[in-house]
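For reference, model.csv (CSV, C-alpha atoms):
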```csv
chain,number,residue,atom,x,y,z
A,229,MET,CA,63.5,83.3,66.0
A,230,LYS,CA,64.4,85.2,69.1
A,231,LYS,CA,62.1,83.1,71.1
A,232,ILE,CA,63.8,79.9,69.9
A,233,ILE,CA,67.2,81.3,70.7
A,234,ASP,CA,66.0,82.3,74.2
A,235,GLN,CA,64.5,78.9,74.7
A,236,SER,CA,67.7,77.1,73.6
A,237,ARG,CA,69.7,79.4,76.0
A,238,GLU,CA,67.3,78.5,78.8
A,239,ILE,CA,67.7,74.8,78.1
A,240,LYS,CA,71.5,75.1,77.9
A,241,LYS,CA,71.4,77.0,81.3
A,242,LYS,CA,69.4,74.2,82.8
A,243,ILE,CA,71.7,71.5,81.5
A,244,ASP,CA,74.7,73.4,82.8
A,245,SER,CA,73.1,73.4,86.2
A,246,LEU,CA,73.0,69.6,86.2
A,247,GLU,CA,75.8,67.6,87.7
A,248,PHE,CA,76.3,63.9,87.3
A,249,ASP,CA,77.4,62.0,90.3
A,250,VAL,CA,80.5,60.4,89.0
A,251,HIS,CA,80.3,57.4,91.3
A,252,TRP,CA,76.8,56.4,90.1
A,253,TYR,CA,77.6,57.3,86.5
A,254,ARG,CA,80.3,54.7,86.6
A,255,ARG,CA,77.9,52.1,88.1
A,256,VAL,CA,75.3,52.8,85.5
A,257,PHE,CA,77.9,52.5,82.8
A,258,HIS,CA,78.9,49.1,84.2
A,259,ALA,CA,75.3,47.9,84.2
A,260,PHE,CA,74.8,49.1,80.7
A,261,GLY,CA,77.4,46.5,79.5
A,262,ALA,CA,74.9,43.7,80.3
A,263,SER,CA,73.1,44.8,77.1
A,264,PHE,CA,75.9,43.0,75.1
A,265,ILE,CA,74.1,39.7,75.6
A,266,PHE,CA,71.8,41.0,72.9
A,267,TYR,CA,74.6,39.8,70.5
A,268,TYR,CA,73.1,36.3,70.8
A,269,MET,CA,69.6,37.4,69.9
A,270,LEU,CA,70.7,39.0,66.6
A,271,PRO,CA,69.1,37.2,63.7
A,272,ASP,CA,71.1,34.7,61.7
A,273,VAL,CA,71.2,36.7,58.5
A,274,TYR,CA,74.3,37.2,56.3
A,275,TRP,CA,74.7,41.0,56.7
A,276,ILE,CA,73.9,40.9,60.4
A,277,ASN,CA,76.5,38.1,60.8
A,278,THR,CA,79.0,40.4,59.1
A,279,ILE,CA,78.2,43.2,61.6
A,280,LYS,CA,78.5,40.6,64.4
A,281,PHE,CA,81.9,39.6,63.2
A,282,TRP,CA,83.4,43.0,62.6
A,283,GLY,CA,81.5,45.1,65.1
A,284,PRO,CA,83.1,44.0,68.4
A,285,PRO,CA,86.8,44.2,67.1
A,286,PHE,CA,86.0,47.7,65.7
A,287,LEU,CA,84.7,48.9,69.1
A,288,VAL,CA,87.7,47.4,70.9
A,289,VAL,CA,90.2,49.1,68.4
A,290,PHE,CA,88.2,52.4,68.9
A,291,ALA,CA,88.4,52.1,72.7
A,292,ILE,CA,92.1,51.3,72.7
A,293,SER,CA,92.9,54.1,70.2
A,294,LEU,CA,91.1,56.6,72.5
A,295,GLU,CA,93.2,55.3,75.4
A,296,VAL,CA,96.5,55.5,73.5
A,297,LEU,CA,95.7,59.1,72.5
A,298,ARG,CA,94.8,59.9,76.1
A,299,LEU,CA,98.0,58.4,77.5
A,300,LYS,CA,100.2,60.1,74.9
A,301,GLY,CA,98.6,63.4,75.9
A,302,LYS,CA,97.1,64.0,72.5
A,303,LEU,CA,93.6,63.8,74.0
A,304,SER,CA,92.9,65.4,77.3
A,305,SER,CA,91.7,63.3,80.2
A,306,ASP,CA,89.1,66.1,80.7
A,307,HIS,CA,87.2,64.5,77.8
A,308,PHE,CA,86.8,61.3,79.8
A,309,PHE,CA,84.1,61.4,82.5
A,310,GLY,CA,84.4,59.1,85.5
A,311,LEU,CA,88.0,57.9,85.3
A,312,ARG,CA,89.6,56.8,88.5
A,313,MET,CA,92.8,58.3,89.8
A,314,TYR,CA,94.8,55.1,89.2
A,315,GLU,CA,93.7,55.2,85.5
A,316,LYS,CA,95.5,58.5,85.0
A,317,ASN,CA,98.6,56.8,83.6
A,318,ARG,CA,97.1,53.5,82.7
A,319,ILE,CA,94.7,52.1,80.1
A,320,GLY,CA,91.1,52.8,81.4
A,321,SER,CA,89.1,49.9,82.7
A,322,TYR,CA,86.5,50.3,79.9
A,323,ALA,CA,89.1,49.3,77.4
A,324,PHE,CA,90.0,46.2,79.5
A,325,PHE,CA,86.3,45.4,79.7
A,326,ALA,CA,85.9,45.7,75.9
A,327,VAL,CA,88.9,43.4,75.3
A,328,ALA,CA,87.5,40.8,77.7
A,329,ILE,CA,84.0,40.9,76.0
A,330,LEU,CA,85.6,40.5,72.6
A,331,ILE,CA,87.6,37.5,73.7
A,332,LEU,CA,84.5,35.9,75.3
A,333,LEU,CA,82.3,36.6,72.3
A,334,ARG,CA,84.9,35.2,69.8
A,335,PHE,CA,86.3,32.2,71.6
A,336,PHE,CA,83.9,31.0,74.2
A,337,PRO,CA,80.4,29.4,74.0
A,338,GLN,CA,77.5,31.5,75.1
A,339,GLN,CA,76.9,29.3,78.2
A,340,ILE,CA,80.3,30.7,79.5
A,341,THR,CA,80.2,34.2,77.9
A,342,ILE,CA,76.8,35.3,79.2
A,343,PRO,CA,77.3,34.7,82.9
A,344,CYS,CA,80.8,36.1,82.7
A,345,ILE,CA,79.5,39.3,81.2
A,346,LEU,CA,76.8,39.6,83.8
A,347,CYS,CA,79.4,39.0,86.6
A,348,ALA,CA,81.4,42.0,85.3
A,349,THR,CA,78.4,44.2,84.5
A,350,LEU,CA,76.1,43.5,87.5
A,351,GLY,CA,78.1,41.4,90.0
A,352,ASP,CA,81.2,43.8,90.1
A,353,PRO,CA,79.2,47.0,90.8
A,354,LEU,CA,77.0,45.2,93.3
A,355,ILE,CA,80.1,43.8,95.2
A,356,GLY,CA,81.7,47.3,95.0
A,357,GLU,CA,78.6,48.9,96.4
A,358,LEU,CA,78.2,46.4,99.2
A,359,ARG,CA,81.9,46.8,100.1
A,360,TYR,CA,81.1,50.4,101.2
A,361,ARG,CA,78.4,49.2,103.5
A,362,PHE,CA,79.3,45.8,105.0
A,363,ARG,CA,82.2,43.8,106.2
A,364,MET,CA,84.4,42.2,103.6
A,365,ASN,CA,83.6,38.5,104.3
A,366,TYR,CA,79.9,39.0,103.9
A,367,VAL,CA,80.4,41.0,100.7
A,368,TYR,CA,82.3,38.2,99.0
A,369,ILE,CA,79.9,35.5,100.2
A,370,PHE,CA,77.0,37.5,98.8
A,371,GLY,CA,79.0,38.3,95.6
A,372,PHE,CA,79.7,34.6,95.2
A,373,LEU,CA,76.1,33.6,95.5
A,374,PHE,CA,75.0,36.4,93.2
A,375,CYS,CA,77.5,35.4,90.4
A,376,MET,CA,76.8,31.7,91.0
A,377,PHE,CA,73.1,32.4,90.2
A,378,PHE,CA,74.1,33.6,86.7
A,379,PHE,CA,76.1,30.4,86.0
A,380,MET,CA,73.2,28.3,87.3
A,381,ILE,CA,70.8,29.8,84.7
A,382,ALA,CA,73.4,29.6,81.9
A,383,TRP,CA,74.1,25.9,82.7
A,384,SER,CA,70.5,25.0,83.5
A,385,LYS,CA,70.1,22.8,80.3
A,386,THR,CA,72.5,20.1,81.5
A,387,ASP,CA,72.8,17.5,84.3
A,388,SER,CA,71.9,19.1,87.7
A,389,SER,CA,75.2,18.0,89.4
A,390,LEU,CA,77.2,19.5,86.5
A,391,MET,CA,75.1,22.7,86.7
A,392,LEU,CA,75.9,22.9,90.4
A,393,PHE,CA,79.6,22.2,90.0
A,394,ALA,CA,80.0,24.7,87.1
A,395,SER,CA,78.1,27.4,89.0
A,396,ILE,CA,80.2,27.0,92.1
A,397,VAL,CA,83.4,27.1,90.0
A,398,GLY,CA,82.1,30.1,88.1
A,399,GLY,CA,81.1,31.9,91.3
A,400,ILE,CA,84.5,31.3,92.9
A,401,GLY,CA,86.3,32.4,89.7
A,402,ALA,CA,84.3,35.6,89.6
A,403,VAL,CA,85.1,36.5,93.2
A,404,ILE,CA,88.8,35.7,92.7
A,405,GLY,CA,88.7,37.9,89.6
A,406,GLU,CA,87.1,40.7,91.6
A,407,THR,CA,89.5,40.5,94.6
A,408,LYS,CA,92.8,40.2,92.6
A,409,LYS,CA,93.8,43.7,91.8
A,410,PHE,CA,96.9,44.5,89.7
A,411,TRP,CA,97.9,48.0,88.6
A,412,TRP,CA,98.5,46.8,85.0
A,413,LEU,CA,95.4,44.5,84.7
A,414,ASP,CA,92.0,45.6,85.6
A,415,ASP,CA,89.5,43.6,87.7
A,416,ASP,CA,86.9,44.2,84.9
A,417,PHE,CA,89.1,41.9,82.8
A,418,MET,CA,89.8,39.4,85.5
A,419,ILE,CA,86.2,39.0,86.7
A,420,GLN,CA,85.3,37.8,83.2
A,421,MET,CA,88.4,35.8,82.2
A,422,ILE,CA,89.1,33.8,85.3
A,423,PRO,CA,85.7,32.1,85.5
A,424,ALA,CA,85.6,31.8,81.7
A,425,ILE,CA,88.9,29.9,81.6
A,426,LEU,CA,87.9,27.6,84.5
A,427,LEU,CA,84.7,26.8,82.9
A,428,LEU,CA,86.3,26.2,79.5
A,429,ILE,CA,88.5,23.6,81.1
A,430,ILE,CA,85.3,21.9,82.4
A,431,TRP,CA,83.7,22.3,79.0
A,432,PHE,CA,86.5,20.5,77.2
A,433,SER,CA,86.5,17.8,80.0
A,434,LEU,CA,82.8,16.9,79.4
A,435,PRO,CA,83.3,14.3,76.7
A,436,PHE,CA,85.9,12.5,78.8
A,437,ILE,CA,83.5,12.2,81.8
A,438,GLY,CA,80.6,11.2,79.6
A,439,LEU,CA,78.5,14.3,80.0
A,440,ALA,CA,76.8,16.3,77.3
A,441,GLU,CA,77.4,20.0,76.8
A,442,PRO,CA,74.7,22.3,78.2
A,443,GLY,CA,72.2,23.5,75.7
A,444,GLU,CA,72.1,27.1,74.4
A,445,ILE,CA,70.1,29.7,76.5
A,446,ILE,CA,69.6,32.5,74.0
A,447,TYR,CA,68.6,31.7,70.4
A,448,PRO,CA,68.8,34.1,67.4
A,449,SER,CA,65.6,36.0,66.7
A,450,VAL,CA,63.6,35.1,63.7
A,451,VAL,CA,62.8,38.2,61.7
A,452,PRO,CA,61.3,37.2,58.3
A,453,TRP,CA,61.6,40.6,56.7
A,454,LEU,CA,65.3,40.8,57.4
A,455,SER,CA,66.3,37.8,55.5
B,55,MET,CA,85.0,57.2,103.4
B,56,SER,CA,84.9,59.6,100.4
B,57,LYS,CA,84.1,58.0,97.2
B,58,ARG,CA,84.6,61.2,95.1
B,59,ASN,CA,88.3,61.4,95.9
B,60,ASP,CA,88.9,58.2,94.0
B,61,TYR,CA,88.0,59.9,90.7
B,62,MET,CA,90.0,62.2,88.4
B,63,LYS,CA,89.2,65.8,88.6
B,64,ILE,CA,88.1,67.6,85.5
B,65,ASN,CA,90.1,70.8,84.9
B,66,GLY,CA,88.5,72.0,81.7
B,67,ASN,CA,84.9,73.0,80.8
B,68,PHE,CA,82.9,70.8,83.1
B,69,ALA,CA,79.5,71.9,81.9
B,70,ARG,CA,80.4,71.0,78.3
B,71,LEU,CA,81.5,67.6,79.3
B,72,ILE,CA,78.3,67.1,81.3
B,73,ARG,CA,76.3,68.1,78.2
B,74,ILE,CA,78.0,65.4,76.2
B,75,GLU,CA,77.3,62.8,79.0
B,76,ILE,CA,73.6,63.8,79.0
B,77,LEU,CA,73.4,62.7,75.4
B,78,PHE,CA,74.6,59.3,76.4
B,79,MET,CA,72.3,59.1,79.4
B,80,PRO,CA,69.1,57.8,77.6
B,81,ILE,CA,71.2,55.1,75.9
B,82,LEU,CA,72.8,54.0,79.2
B,83,ILE,CA,69.4,53.9,81.0
B,84,PHE,CA,67.0,52.6,78.3
B,85,VAL,CA,69.1,50.2,76.1
B,86,PRO,CA,69.6,47.5,78.8
B,87,ILE,CA,65.9,47.7,79.8
B,88,LEU,CA,64.9,47.4,76.1
B,89,VAL,CA,67.2,44.3,75.8
B,90,GLY,CA,65.5,42.8,78.9
B,91,ILE,CA,62.1,43.5,77.4
B,92,PHE,CA,63.2,41.8,74.1
B,93,LEU,CA,64.4,38.7,76.0
B,94,ILE,CA,61.1,38.4,77.9
B,95,ASN,CA,59.1,39.1,74.7
B,96,ASP,CA,61.0,36.3,72.9
B,97,TRP,CA,60.4,33.9,75.7
B,98,TYR,CA,56.7,34.8,75.7
B,99,ILE,CA,56.2,34.4,72.0
B,100,ARG,CA,58.5,31.4,71.1
B,101,ASP,CA,58.2,29.5,74.4
B,102,LEU,CA,54.9,30.3,76.2
B,103,LEU,CA,52.7,30.9,73.1
B,104,HIS,CA,54.1,28.7,70.4
B,105,GLN,CA,56.2,26.3,72.5
B,106,GLU,CA,58.9,26.1,69.8
B,107,LEU,CA,61.9,26.3,72.2
B,108,ASP,CA,62.7,26.1,75.9
B,109,LEU,CA,63.6,29.7,76.6
B,110,ILE,CA,63.2,29.9,80.3
B,111,GLY,CA,66.8,31.2,80.5
B,112,GLU,CA,65.9,34.1,78.3
B,113,LEU,CA,63.1,35.0,80.7
B,114,PHE,CA,65.5,34.9,83.8
B,115,PHE,CA,68.2,36.9,82.0
B,116,GLY,CA,65.6,39.4,80.9
B,117,ILE,CA,64.4,39.9,84.4
B,118,ILE,CA,67.9,40.1,85.8
B,119,LEU,CA,68.8,42.7,83.2
B,120,ILE,CA,65.8,44.9,83.9
B,121,ILE,CA,66.0,44.7,87.8
B,122,GLY,CA,69.9,45.0,87.8
B,123,ASN,CA,69.8,48.1,85.7
B,124,ILE,CA,66.9,49.8,87.4
B,125,ALA,CA,68.7,49.2,90.7
B,126,PHE,CA,71.6,51.3,89.6
B,127,ASP,CA,69.5,53.8,87.5
B,128,ILE,CA,67.4,55.0,90.4
B,129,PRO,CA,70.2,56.3,92.6
B,130,PHE,CA,71.9,57.8,89.5
B,131,VAL,CA,68.8,59.7,88.4
B,132,LYS,CA,68.1,60.7,92.0
B,133,THR,CA,71.5,62.3,92.4
B,134,MET,CA,70.9,64.2,89.1
B,135,PHE,CA,67.6,65.7,90.4
B,136,HIS,CA,69.3,66.4,93.7
B,137,TYR,CA,71.9,68.5,92.0
B,138,ARG,CA,69.3,70.2,89.8
B,139,LYS,CA,67.5,71.6,92.9
B,140,LYS,CA,70.6,73.3,94.1
```
Whole structure given in structure tokens:
Amino acid sequence: MKKIIDQSREIKKKIDSLEFDVHWYRRVFHAFGASFIFYYMLPDVYWINTIKFWGPPFLVVFAISLEVLRLKGKLSSDHFFGLRMYEKNRIGSYAFFAVAILILLRFFPQQITIPCILCATLGDPLIGELRYRFRMNYVYIFGFLFCMFFFMIAWSKTDSSLMLFASIVGGIGAVIGETKKFWWLDDDFMIQMIPAILLLIIWFSLPFIGLAEPGEIIYPSVVPWLS
Amino acid sequence: MSKRNDYMKINGNFARLIRIEILFMPILIFVPILVGIFLINDWYIRDLLHQELDLIGELFFGIILIIGNIAFDIPFVKTMFHYRKK
């Protein structure tokens, strides 16, 4: 027994000697958000559909509740690792991020949702990282091309001219969303919603210009033992 | 340019907070990679083997997910080991 206690003390000591680099922690947290595209792979089964319906709003309510408690002072900011200084008296960017993902999953087709999520989760940290190292102009050009690539894949099952047009609009929207910074509205929200709204306009215009909607990219998995 | 000055300072028990974050670390690192592998596996089985559906998009997104996450995971894990040596 004493040996186990000593071992656990030793482990605790080792863990306490670790320190997370807050900057990279935030980047990894961002990139983790890309996993949400798994939502579209979930099997089309009754009880999973129920989770798909109630899961995202539950997570958003949970995130907002945490932020409300933090801003009211009932939950110390010390419990939140990696918050930026400007988030001290404002809702944290992770809550904005969650709200944007909920809106996208609920009201937008996956051909718009998936690239917008990837722009926020992979495009945004990449642009941020490059901004530290290169001149502004190059960063946004590279960011535009990077985000455009996501839209090209998502709209690949359509007419090639429409794919190119949609990906350019999406890429420009994502870069605008990244550059426009407001104190009260986070860029994690804007980088998802601006391209999404622009592409939704294109989406609704398709029947009027005689083009078909792009096909789906990710299909629900088929798991026989689940149904 | 100091990146660290942009972040809020922790006044309380920092070690305790770090221990909580360590519990999240495997999730943050491995879940996106697993999702990427799932996407590639789905493409391999339903598109390449059985040719049921055109899932080339799933393949691309799977690769993007894995490469994109590993690109951020490596410097993150490196900084952790760097601190550990101190």
Hey, could you make a per-residue contact list for region 85-117 of chain B against region 381-403 of chain A with 12 Å as the cut-off, showing the nearest pair of atoms and its distance in Å to one decimal, counting all atoms listed in the file, sorted by chain and number, as JSON lines?
```
{"residue": "B:Asp108", "atom": "CA", "partner": "A:Lys385", "partner_atom": "CA", "distance": 9.2}
{"residue": "B:Leu109", "atom": "CA", "partner": "A:Lys385", "partner_atom": "CA", "distance": 10.2}
{"residue": "B:Ile110", "atom": "CA", "partner": "A:Ile381", "partner_atom": "CA", "distance": 8.8}
{"residue": "B:Gly111", "atom": "CA", "partner": "A:Ile381", "partner_atom": "CA", "distance": 6.0}
{"residue": "B:Glu112", "atom": "CA", "partner": "A:Ile381", "partner_atom": "CA", "distance": 9.1}
{"residue": "B:Leu113", "atom": "CA", "partner": "A:Ile381", "partner_atom": "CA", "distance": 10.1}
{"residue": "B:Phe114", "atom": "CA", "partner": "A:Ile381", "partner_atom": "CA", "distance": 7.4}
{"residue": "B:Phe115", "atom": "CA", "partner": "A:Ile381", "partner_atom": "CA", "distance": 8.0}
{"residue": "B:Gly116", "atom": "CA", "partner": "A:Ile381", "partner_atom": "CA", "distance": 11.6}
{"residue": "B:Ile117", "atom": "CA", "partner": "A:Ile381", "partner_atom": "CA", "distance": 12.0}
```
Inset, instruction - Would you list the residues near (81.1, 36.4, 75.0), meaning any protein, DNA or RNA residue with an atom at most 9 Å from that point in file coordinates, counting all atoms listed in the file, as number ranges by chain? - result: A: 264-265, 267, 328-345
Legend entry - region 355-361 of chain A surroundings by only C-alpha atoms, 9 Å radius, close-in-sequence under 3 positions cut, as number ranges by chain: A: 255, 350-352, 364, 366-368, 370-371, 406; B: 55
Inset, instruction - Using all atoms listed in the file, pick whichever of B:Leu103, B:Leu77, B:Val131, B:Leu82 has the shortest atom-to-atom distance to chain A. - result: B:Leu82
Inset, instruction - Go ahead and compute the interatomic distance for CA of Phe325 (chain A) and CA of Ile76 (chain B), in Å to one decimal. - result: 22.4 Å
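Note that CA of His104 (chain B) and CA of Ser449 (chain A) are 14.1 Å apart.
Proximity of A:Gly443, A:Gly438, A:Pro284, A:Gly405 to chain B, computed with all atoms listed in the file, is greatest for A:Gly443.
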Legend entry - Separation of CA of Asp272 (chain A) from CA of Ala291 (chain A) in Å: 26.9 Å
Near-Phe126 (chain B) list (7 Å; only C-alpha atoms; drop same-chain fewer than 3 positions) as a compact mmCIF listing (two decimals) with C-alpha atoms, in the coordinates of the input:
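selection_18.txt was written with the following content:
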```txt
# COMPACT_ATOMS: atom_id res chain seq x y z
CA ARG A 255 77.90 52.10 88.10
CA VAL A 256 75.30 52.80 85.50
CA GLY B 122 69.90 45.00 87.80
CA ASN B 123 69.80 48.10 85.70
CA PRO B 129 70.20 56.30 92.60
CA PHE B 130 71.90 57.80 89.50
```
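Using only C-alpha atoms, the shortest contact distance between chain B and any of A:Ile445, A:Leu439, A:Ile422, A:Val450 is found at A:Ile445.
Ranking A:Thr407, A:Ser433, A:Ser321, A:Ser304 by their shortest atom-to-atom distance to chain B, with only C-alpha atoms included, puts A:Ser304 first.
With distances restricted to only C-alpha atoms, B:Thr133 is the closest residue to chain A from B:Thr133, B:Pro80, B:Ile120, B:Ile128.
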